[in-house]
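A.B. asks: The structure's right below; bear with me while I get my questions together.
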Amino acid sequence: MLRTALRNVLAHKARLIMTALAVMLGVAFVSGTLVFGDTVTSALRAASTKNLKDVDVSVAAEYLPGDGPYDEHRPTALDGKLADRVRELPGVASVRAGVGGSATLAGKDGTPVNADNSWQNLAANYVPGPDGKDPRLPLVSGRAPSGKGELALDAKTAEKAGYRIGDTVRFATTGPALTKKLVGTVHTDDPRVTAGGTLTVFDTPTAQGLFLTPGHYDEFSVTAEPGTDQAALTAKISTLLPEEGASATSGAELAALQSEQSEKSTESMTKMLLVFAGIALFVGVFIIANTFTMLIAQRGREIALMRAVGASRRQVVRSVLIEAGLLGLGASAAGFALGLGIAAGLRPLLNAGGAGLPDGPLVVGPGALLWSLIVGVLVTVLAAWLPSRKAAKIAPVEALSTVDAATPVRGMVVRNILGALLTGAGVAVMLYVSTLDDGDETNLMIAMLGSFLTLTGMIVLAPLLSRPLVSLAGRVTTRVFGVSGKLAKENALRNPRRTAATASALMIGLTLITGLTVAGHSVDRAMKQAAVQGLTADYSLSNSAYLGLDPKLGEKVADVPGVAAATPVASTGVTLDGEYAMISGVDPEQLGKVASLTFDSGSADDLGPGEIAISTTLAKRTGLGVGDRLTGEFTPDGEESADRKRLKVVGVYQENQVVDSALARLDDVLPYAMGGTYDSVLVKAEPGKATGLDRDLREALGNSPLLKVQSQEQLTKEESGAIDVMLNMMYGLLGMAVVIAVLGVINTLAMSVFERTREIGMLRAIGLDRKGVRQMVRLESVVISVFGALLGIGTGVFLAWAGGSLTAAGLPDYTTTLPWDRLSLFLALALVIGVLAAIWPARRAARLNMLGAINAQ
Amino acid sequence: MSQAAAAPAPIHSPATDAAARATGLSKVYGTGETRVVALDQVSVEFGRGRFTAIMGPSGSGKSTLMHCMAGLDSFSAGSAMIGDTELSGLDDRRLTRLRRDKVGFVFQAFNLLPTLTAYENITLPMAIAGRRPDHAWVDGVVRTVGLSGRLNHRPAQLSGGQQQRVAVARALASRPEIVFADEPTGNLDSRSGAEILGFLRESVRELGQTVVMVTHDPVAAAHADRVVFLADGRLTDELLAPTAQSVLDRMRLFDAKGRTS
């Protein structure tokens, strides 16, 4: 049987090539993901090992709640005296006392560098060793910073910001702009910096002055004498530390912790990629099943002969499955090799997008190889299983019949009923989902179940749906292209199962793509709308590191020429009658100039001390209304105990983006706001003065790189950027499924051309020219593709509409809006796919030798 | 017998009224050692409004002759004409158009598209050409071959004989210059076969159609006005007003010759 199977694979290699490609691409996705995961994990581990090379014990300062308001300049538990005591311990070779912080630079041209990701913008102290150099931060050029007026930059950072040695660098650590002279550049491998962040280096007293208190440190990195036991040293150091505020960790433990963390982060990425690889493989299943169904139909006589000479049913089935297994194995091996290429290409691709993955050799574990082969073979064999059952049903007597028996038209009643039930259940679940308004975990699971049922049901129903839809499409092709259009339609209708399986492969990809696009588009629109809803101000000022704005700055804004009104907004958390909510503090007299809130009842015009207004959602949640009195618990920054205040509700307003779900006077909120700062200052320009005011505002406020000045337009743009990035990523990941579906269309057409050789010969004889034959095949391809696309787009739109309700809680403005441009683009894409997929089969059909075709048996 | 004796007949009928004509037609496959001459300088004319049968043992080149003269296959030397159109030198596109407009075909099997109804199959050449069928004419043809009640059936719903009648109707429906039939009765039982031959015969007599039929069956050949014999790629003989018996006798003669030579 093995020999028969092997011969069959080899004999049909041309016919199996598309199927093998489909398996190969799916497996390549899987193996690429697995190898990539292994590679990144190992590279991250190597990086952390390298980082911790000289660290035998790390002592870190801890910030404890209850220490009072959060203050960057608080003293830490690690001071110089403690460092000396650690140094004196036996077995300690050296102690590096480090100060860390964050500093965002303004480029030489004044524009902030990477201000939107300020967590990546690091600052550190330069710790000279005995030779006067810091081994952690090797100098690239110039010299180490020393004294209050100097700093050094990471070499890449300096280049990016456009600074050269001797330049005056403008930067900010919290709010106001500072300047120092650049005296040197250093090199760092910190992944946050290599991923697009920056590194600014000061001498130790300067760093302490900026980020801590003089004489204090954030971290001690202890290097031990050779032969010292890490654990014992860690325990010894721990005894020197105060009970709270600092802890010691051994280098090994730290390394383990870091690699566990990096494994976790890689794992979640790998898992997501594997989901998409799974989708691609699932699409491949249709192609494999289609191919084996066709092969078995073509080989009916052969199989009957084998049965006649004594092969058992089981042997026939086994032969088909072995053939599938061999195909799967070969294709998986090729796929694995291709996957290595994908894995190698993925890192530069992701790093270009700012992922910051460290370099390292490609790691090919045995697990990746094994899983790739298992998955590939298993998928192929499983997909060939149903067709193999059909092979077993071929009766030996069929070998003896001289005429080709017309393929019996098997009833599809059972299939249609099953499809209707599945689709019905899926639609019912999704209609139920559309009545929900909360996207919690349970509802999300229900929505996923409903989507799965609907999609599966549509796949099962596709043959039934193919008749009316393909007929409809065929009417167009017949009208436009005449007889080749008509023949194309009839050919597509000839085998509804095959057409449906081919179209389903495309449908799956397009359902997901359409669903995500519609949902993404609707969310985008809602977010854009929400971003500026109720906002009448021209500009919003904030701190891009979310550190708040100094109230002193707020006063300066009002004095900038061209500013008609400047209203600060502060916010804090509050517990209102047991419900936690965010409360905004504003000046009620000024609010009307920068925002227009819609009040359902009451108003905020005469918001007095101890009075609040609440949003409709909060009103619903708490049952509070105008005139109600309640207790509010405000927690001061850094404290644990709350201040209790009696409050009175004076207004209920509709949800908006200007203020949180509760509103009070600025004086009532500011004392509890983080660091006593404003969240933002909203600025209304004098009529006609809005353009260019952002520059003046920046100038007037000291041009700090952390100051964010956004116009209404920029606020909207900020919201939509993320969605576009996500959608593009999804398109890329689902692209593989679409490519495999295209292979399926090619496969089906090539098989059809092969089966219809005689017909094509006859058509050529009675006068259909090559162009006509090509067009016939091409149109069949287009009809199938468009059928699949229509099903996919329709299903995707429905699922996105039904599932859209789940976003209602987070986005009150959400309504499903159809991005017609994108949807028509998808349909056009399906047309193009149809035309492209037909190129090779159509050419083969047109080149068929006419006489050979007529005489073919 | 008597006809055969009476006619040391001219192999070239008068050139005035031939629907198709071959002059010195040769077809050679391969070169050197593997060179095979399928047709060797064949010159023959098929008179307009006549029913001609091409006979010969298998391998004699009779199908090749038909394929070359019908524009289905290329030839190595000589000339082939349909009406006043010379086939040599026509590219695929022109040949296809010529077949579409001037030639009707009936093959041994697989004449029909299973996806189209009988009527759609019959009018397929006109659909390909983008012409409206001449309804009166098509109706006449359909009546002649006795398919009136079955025009909406698909091939799978028709018997082999009925399918072949559809093929004949298709060949006639576009009023071609000439109809080529390649073993049209090869797959049929004798009664259905006789019916098909009857229709071809009738189309010649009643409609003035020119029909050329390749066959190895003397009974089938007897329906023709004239039989030409091929052996080893050469035209060897012809017979006017044949009967099954006269054809059979003539073939026996060949066989004997073949064996002795």
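Ordering of the structure tokens sets the chain letters (A, B, ...), residue numbers begin anew at 1 in every chain, and ligands are numbered from 1 in the order given.
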Just the strand (DSSP E) stuff from range 40-171 of chain B, please, per backbone DSSP, written as a PyMOL selection string.
C.D. replies: chain B and resi 40-47+51-55+77-82+85-86+103-106
A.B. asks: I need the chain A residues near chain B as number ranges by chain; criterion: at most 6 Å, counting only C-alpha atoms.
C.D. replies: A: 483, 490, 766-767, 769
A.B. asks: Find the residues around His135 in chain B up to 12 Å (only C-alpha atoms counted), leave out those fewer than 6 positions away in its own chain, and share them as number ranges by chain.
C.D. replies: B: 119, 122-123, 126, 141-143, 173-174
A.B. asks: So that I can check the surroundings of Ile612 in chain A, please list as a ChimeraX atom specification every protein, DNA and RNA residue that reaches within 7 Å of it, counting only C-alpha atoms and ignoring chain neighbours fewer than 5 positions away.
C.D. replies: /A:607,647-650,662-664
A.B. asks: Within 7 Å of range 190-203 of chain B, counting only C-alpha atoms, which residues show up once you throw out same-chain ones fewer than 4 positions away? Write them as number ranges by chain, please.
C.D. replies: B: 51, 145, 161, 165, 185, 207-209, 220, 223
A.B. asks: Please write the residues from the selection above to a file, keeping N, CA and C atoms, as a PDB file, in the first residue's frame.
C.D. replies:
ATOM      1  N   PHE B  51     -22.411  13.595 -50.175  1.00  0.00           N
ATOM      2  CA  PHE B  51     -22.112  12.884 -48.936  1.00  0.00           C
ATOM      3  C   PHE B  51     -20.956  11.951 -49.245  1.00  0.00           C
ATOM      4  N   VAL B 145     -34.184  16.006 -37.104  1.00  0.00           N
ATOM      5  CA  VAL B 145     -33.534  14.983 -36.297  1.00  0.00           C
ATOM      6  C   VAL B 145     -34.424  14.486 -35.171  1.00  0.00           C
ATOM      7  N   GLY B 161     -28.002   7.805 -28.502  1.00  0.00           N
ATOM      8  CA  GLY B 161     -28.477   8.135 -29.839  1.00  0.00           C
ATOM      9  C   GLY B 161     -29.018   9.555 -29.897  1.00  0.00           C
ATOM     10  N   ARG B 165     -27.802  12.835 -31.981  1.00  0.00           N
ATOM     11  CA  ARG B 165     -28.709  13.621 -32.838  1.00  0.00           C
ATOM     12  C   ARG B 165     -28.543  15.103 -32.541  1.00  0.00           C
ATOM     13  N   THR B 185     -21.045   7.103 -35.661  1.00  0.00           N
ATOM     14  CA  THR B 185     -21.882   6.022 -35.149  1.00  0.00           C
ATOM     15  C   THR B 185     -21.071   5.032 -34.325  1.00  0.00           C
ATOM     16  N   LEU B 207     -31.355  19.437 -47.721  1.00  0.00           N
ATOM     17  CA  LEU B 207     -30.846  20.774 -47.432  1.00  0.00           C
ATOM     18  C   LEU B 207     -29.654  21.134 -48.301  1.00  0.00           C
ATOM     19  N   GLY B 208     -29.216  20.175 -49.097  1.00  0.00           N
ATOM     20  CA  GLY B 208     -28.065  20.457 -49.956  1.00  0.00           C
ATOM     21  C   GLY B 208     -26.765  20.580 -49.190  1.00  0.00           C
ATOM     22  N   GLN B 209     -26.695  19.987 -48.002  1.00  0.00           N
ATOM     23  CA  GLN B 209     -25.506  20.077 -47.155  1.00  0.00           C
ATOM     24  C   GLN B 209     -24.380  19.207 -47.715  1.00  0.00           C
ATOM     25  N   ALA B 220     -22.035   1.897 -42.698  1.00  0.00           N
ATOM     26  CA  ALA B 220     -22.148   3.347 -42.583  1.00  0.00           C
ATOM     27  C   ALA B 220     -21.741   4.003 -43.896  1.00  0.00           C
ATOM     28  N   HIS B 223     -24.148   4.635 -46.823  1.00  0.00           N
ATOM     29  CA  HIS B 223     -25.094   5.746 -46.856  1.00  0.00           C
ATOM     30  C   HIS B 223     -24.581   6.908 -47.684  1.00  0.00           C
TER      31      HIS B 223
END
A.B. asks: When you count only C-alpha atoms, which of these residues is closest to Glu253 in chain A: A:Leu707, A:Val57, A:Ile793, A:Met527?
C.D. replies: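 Nearest to Glu253 in chain A: A:Val57.
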A.B. asks: Let me make sure I understand: among A:Gly585, A:Gly627, A:Gly376, A:Pro361, which one has the smallest atom-to-atom distance to Val659 in chain A if we use only C-alpha atoms?
C.D. replies: A:Gly585
A.B. asks: Please indicate the distance in Å from CA of Ser542 in chain A to CA of Lys593 in chain A, rounded to one decimal place.
C.D. replies: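 Spanning CA of Ser542 in chain A to CA of Lys593 in chain A is a straight-line distance of 18.3 Å.
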A.B. asks: Write out as number ranges by chain each polymer residue whose atoms come within 6 Å of Ser60 in chain B, counting only C-alpha atoms; drop sequence neighbours fewer than 4 positions from it.
C.D. replies: B: 56, 230-233
A.B. asks: Which neighbours of Leu326 in chain A fall inside 8 Å, counting only C-alpha atoms, when residues of the same chain fewer than 5 positions from it are skipped, and could you give them as a PDB file with C-alpha atoms, in the first residue's frame?
C.D. replies:
ATOM      1  CA  LEU A   6       4.101   6.780  -3.047  1.00  0.00           C
ATOM      2  CA  VAL A   9       1.996  11.038  -5.021  1.00  0.00           C
ATOM      3  CA  VAL A 377       0.878  15.830   8.494  1.00  0.00           C
TER       4      VAL A 377
END
A.B. asks: Taking the DSSP secondary structure from the backbone, can you list the residues of range 45-177 of chain B that are alpha helix (DSSP H), as a VMD selection string?
C.D. replies: chain B and resid 62 to 69 92 to 102 118 to 122 124 to 129 135 to 144 160 to 173
A.B. asks: Save the residues we just selected, N, CA and C atoms, as a short mmCIF file (atom, residue, chain, number, x, y, z; two decimals), in the first residue's frame?
C.D. replies:
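Output file result.cif is given in full below:
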data_model
loop_
_atom_site.label_atom_id
_atom_site.label_comp_id
_atom_site.auth_asym_id
_atom_site.auth_seq_id
_atom_site.Cartn_x
_atom_site.Cartn_y
_atom_site.Cartn_z
N LYS B 62 -6.95 8.19 -42.32
CA LYS B 62 -8.25 8.78 -42.67
C LYS B 62 -8.67 9.88 -41.70
N SER B 63 -8.41 9.64 -40.41
CA SER B 63 -8.76 10.69 -39.45
C SER B 63 -7.85 11.89 -39.61
N THR B 64 -6.56 11.62 -39.87
CA THR B 64 -5.62 12.72 -40.06
C THR B 64 -6.04 13.58 -41.25
N LEU B 65 -6.47 12.93 -42.32
CA LEU B 65 -6.92 13.67 -43.50
C LEU B 65 -8.07 14.59 -43.13
N MET B 66 -9.02 14.02 -42.39
CA MET B 66 -10.18 14.83 -42.01
C MET B 66 -9.75 16.00 -41.13
N HIS B 67 -8.89 15.70 -40.14
CA HIS B 67 -8.45 16.76 -39.22
C HIS B 67 -7.74 17.88 -39.97
N CYS B 68 -6.90 17.50 -40.94
CA CYS B 68 -6.16 18.52 -41.68
C CYS B 68 -7.10 19.35 -42.55
N MET B 69 -8.03 18.66 -43.19
CA MET B 69 -8.92 19.39 -44.11
C MET B 69 -9.95 20.23 -43.36
N ASP B 92 -3.92 30.45 -35.75
CA ASP B 92 -4.92 29.76 -34.94
C ASP B 92 -6.24 30.52 -34.88
N ARG B 93 -6.11 31.85 -34.79
CA ARG B 93 -7.32 32.66 -34.65
C ARG B 93 -8.19 32.56 -35.90
N ARG B 94 -7.54 32.64 -37.08
CA ARG B 94 -8.32 32.58 -38.33
C ARG B 94 -8.88 31.18 -38.54
N LEU B 95 -8.06 30.18 -38.19
CA LEU B 95 -8.54 28.80 -38.34
C LEU B 95 -9.77 28.57 -37.47
N THR B 96 -9.68 29.08 -36.24
CA THR B 96 -10.81 28.92 -35.32
C THR B 96 -12.06 29.57 -35.89
N ARG B 97 -11.88 30.77 -36.43
CA ARG B 97 -13.03 31.48 -37.00
C ARG B 97 -13.60 30.72 -38.20
N LEU B 98 -12.66 30.16 -38.98
CA LEU B 98 -13.10 29.40 -40.16
C LEU B 98 -13.94 28.19 -39.72
N ARG B 99 -13.44 27.47 -38.73
CA ARG B 99 -14.19 26.30 -38.25
C ARG B 99 -15.55 26.72 -37.73
N ARG B 100 -15.53 27.84 -37.01
CA ARG B 100 -16.75 28.31 -36.40
C ARG B 100 -17.80 28.65 -37.46
N ASP B 101 -17.35 29.32 -38.54
CA ASP B 101 -18.30 29.85 -39.50
C ASP B 101 -18.58 28.90 -40.65
N LYS B 102 -17.58 28.08 -41.00
CA LYS B 102 -17.73 27.32 -42.24
C LYS B 102 -17.86 25.81 -42.05
N ALA B 118 -30.00 20.80 -24.59
CA ALA B 118 -29.86 20.36 -25.98
C ALA B 118 -29.92 21.57 -26.91
N TYR B 119 -30.86 22.45 -26.67
CA TYR B 119 -31.01 23.60 -27.55
C TYR B 119 -29.78 24.50 -27.49
N GLU B 120 -29.28 24.71 -26.26
CA GLU B 120 -28.09 25.55 -26.12
C GLU B 120 -26.88 24.91 -26.79
N ASN B 121 -26.81 23.59 -26.73
CA ASN B 121 -25.73 22.90 -27.42
C ASN B 121 -25.83 23.07 -28.92
N ILE B 122 -27.06 22.99 -29.40
CA ILE B 122 -27.25 23.10 -30.85
C ILE B 122 -26.84 24.48 -31.35
N LEU B 124 -24.76 26.49 -29.92
CA LEU B 124 -23.49 26.93 -29.34
C LEU B 124 -22.55 27.62 -30.33
N PRO B 125 -22.35 27.06 -31.56
CA PRO B 125 -21.44 27.73 -32.49
C PRO B 125 -21.89 29.16 -32.80
N MET B 126 -23.19 29.37 -32.88
CA MET B 126 -23.68 30.72 -33.16
C MET B 126 -23.50 31.62 -31.95
N ALA B 127 -23.67 31.01 -30.76
CA ALA B 127 -23.44 31.79 -29.53
C ALA B 127 -21.99 32.20 -29.45
N ILE B 128 -21.11 31.28 -29.83
CA ILE B 128 -19.68 31.61 -29.80
C ILE B 128 -19.38 32.74 -30.78
N ALA B 129 -20.05 32.68 -31.93
CA ALA B 129 -19.82 33.71 -32.94
C ALA B 129 -20.51 35.01 -32.58
N HIS B 135 -33.94 31.13 -36.43
CA HIS B 135 -34.86 30.25 -35.70
C HIS B 135 -35.58 29.28 -36.62
N ALA B 136 -36.04 29.77 -37.76
CA ALA B 136 -36.79 28.90 -38.67
C ALA B 136 -35.93 27.73 -39.10
N TRP B 137 -34.69 28.06 -39.41
CA TRP B 137 -33.77 27.02 -39.89
C TRP B 137 -33.50 26.00 -38.76
N VAL B 138 -33.17 26.53 -37.59
CA VAL B 138 -32.87 25.65 -36.46
C VAL B 138 -34.07 24.76 -36.16
N ASP B 139 -35.26 25.37 -36.18
CA ASP B 139 -36.47 24.56 -35.93
C ASP B 139 -36.58 23.43 -36.93
N GLY B 140 -36.29 23.77 -38.19
CA GLY B 140 -36.35 22.76 -39.24
C GLY B 140 -35.38 21.63 -38.96
N VAL B 141 -34.15 22.00 -38.58
CA VAL B 141 -33.13 20.99 -38.31
C VAL B 141 -33.57 20.12 -37.13
N VAL B 142 -34.06 20.78 -36.09
CA VAL B 142 -34.48 20.06 -34.89
C VAL B 142 -35.60 19.08 -35.24
N ARG B 143 -36.54 19.53 -36.08
CA ARG B 143 -37.63 18.63 -36.49
C ARG B 143 -37.07 17.45 -37.26
N THR B 144 -36.15 17.76 -38.16
CA THR B 144 -35.57 16.71 -38.99
C THR B 144 -34.96 15.61 -38.15
N GLY B 160 -27.68 7.83 -25.70
CA GLY B 160 -26.54 8.04 -26.57
C GLY B 160 -26.96 8.46 -27.97
N GLY B 161 -28.00 7.81 -28.50
CA GLY B 161 -28.48 8.14 -29.84
C GLY B 161 -29.02 9.56 -29.90
N GLN B 162 -29.76 9.91 -28.85
CA GLN B 162 -30.31 11.27 -28.82
C GLN B 162 -29.20 12.31 -28.72
N GLN B 163 -28.18 11.98 -27.91
CA GLN B 163 -27.06 12.91 -27.79
C GLN B 163 -26.40 13.14 -29.14
N GLN B 164 -26.24 12.05 -29.88
CA GLN B 164 -25.59 12.17 -31.17
C GLN B 164 -26.48 12.94 -32.15
N ARG B 165 -27.80 12.84 -31.98
CA ARG B 165 -28.71 13.62 -32.84
C ARG B 165 -28.54 15.10 -32.54
N VAL B 166 -28.34 15.40 -31.25
CA VAL B 166 -28.10 16.81 -30.90
C VAL B 166 -26.82 17.28 -31.59
N ALA B 167 -25.82 16.39 -31.60
CA ALA B 167 -24.55 16.77 -32.23
C ALA B 167 -24.75 17.04 -33.71
N VAL B 168 -25.55 16.19 -34.37
CA VAL B 168 -25.82 16.39 -35.80
C VAL B 168 -26.56 17.71 -36.00
N ALA B 169 -27.53 17.95 -35.14
CA ALA B 169 -28.30 19.19 -35.27
C ALA B 169 -27.39 20.39 -35.11
N ARG B 170 -26.44 20.30 -34.15
CA ARG B 170 -25.52 21.41 -33.94
C ARG B 170 -24.67 21.65 -35.19
N ALA B 171 -24.22 20.51 -35.79
CA ALA B 171 -23.36 20.64 -36.97
C ALA B 171 -24.11 21.30 -38.11
N LEU B 172 -25.41 21.05 -38.17
CA LEU B 172 -26.19 21.58 -39.30
C LEU B 172 -26.74 22.98 -39.02
N ALA B 173 -26.89 23.30 -37.76
CA ALA B 173 -27.68 24.49 -37.40
C ALA B 173 -27.09 25.78 -37.93
#
A.B. asks: Of the candidates A:Ala77, A:Asp116, A:Leu151, A:Asn290, which one gets nearest to Gly245 in chain A if we count only C-alpha atoms?
C.D. replies: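 Selected residue with least distance to Gly245 in chain A: A:Ala77.
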A.B. asks: Have a look at B:Ser88, B:Pro57, B:Asp182, B:Pro242 and name the one nearest to Phe254 in chain B; count only C-alpha atoms.
C.D. replies: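 Closest residue, counting only C-alpha atoms: B:Pro57.
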A.B. asks: From the set A:Ala235, A:Ile508, A:Leu693, A:Val186, which residue has the shortest atom-to-atom contact distance to Val86 in chain A, counting only C-alpha atoms?
C.D. replies: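 Closest candidate: A:Ala235.
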A.B. asks: Could you tell me how far CA of Gly608 in chain A lies from CA of Leu541 in chain A, in Å and to one decimal?
C.D. replies: 25.8 Å
A.B. asks: Determine the nearest neighbour of Met726 in chain A from the options A:Leu670, A:Gly520, A:Val480, A:Lys148, counting only C-alpha atoms.
C.D. replies: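 Looking only at the distances to Met726 in chain A, the closest residue turns out to be A:Gly520.
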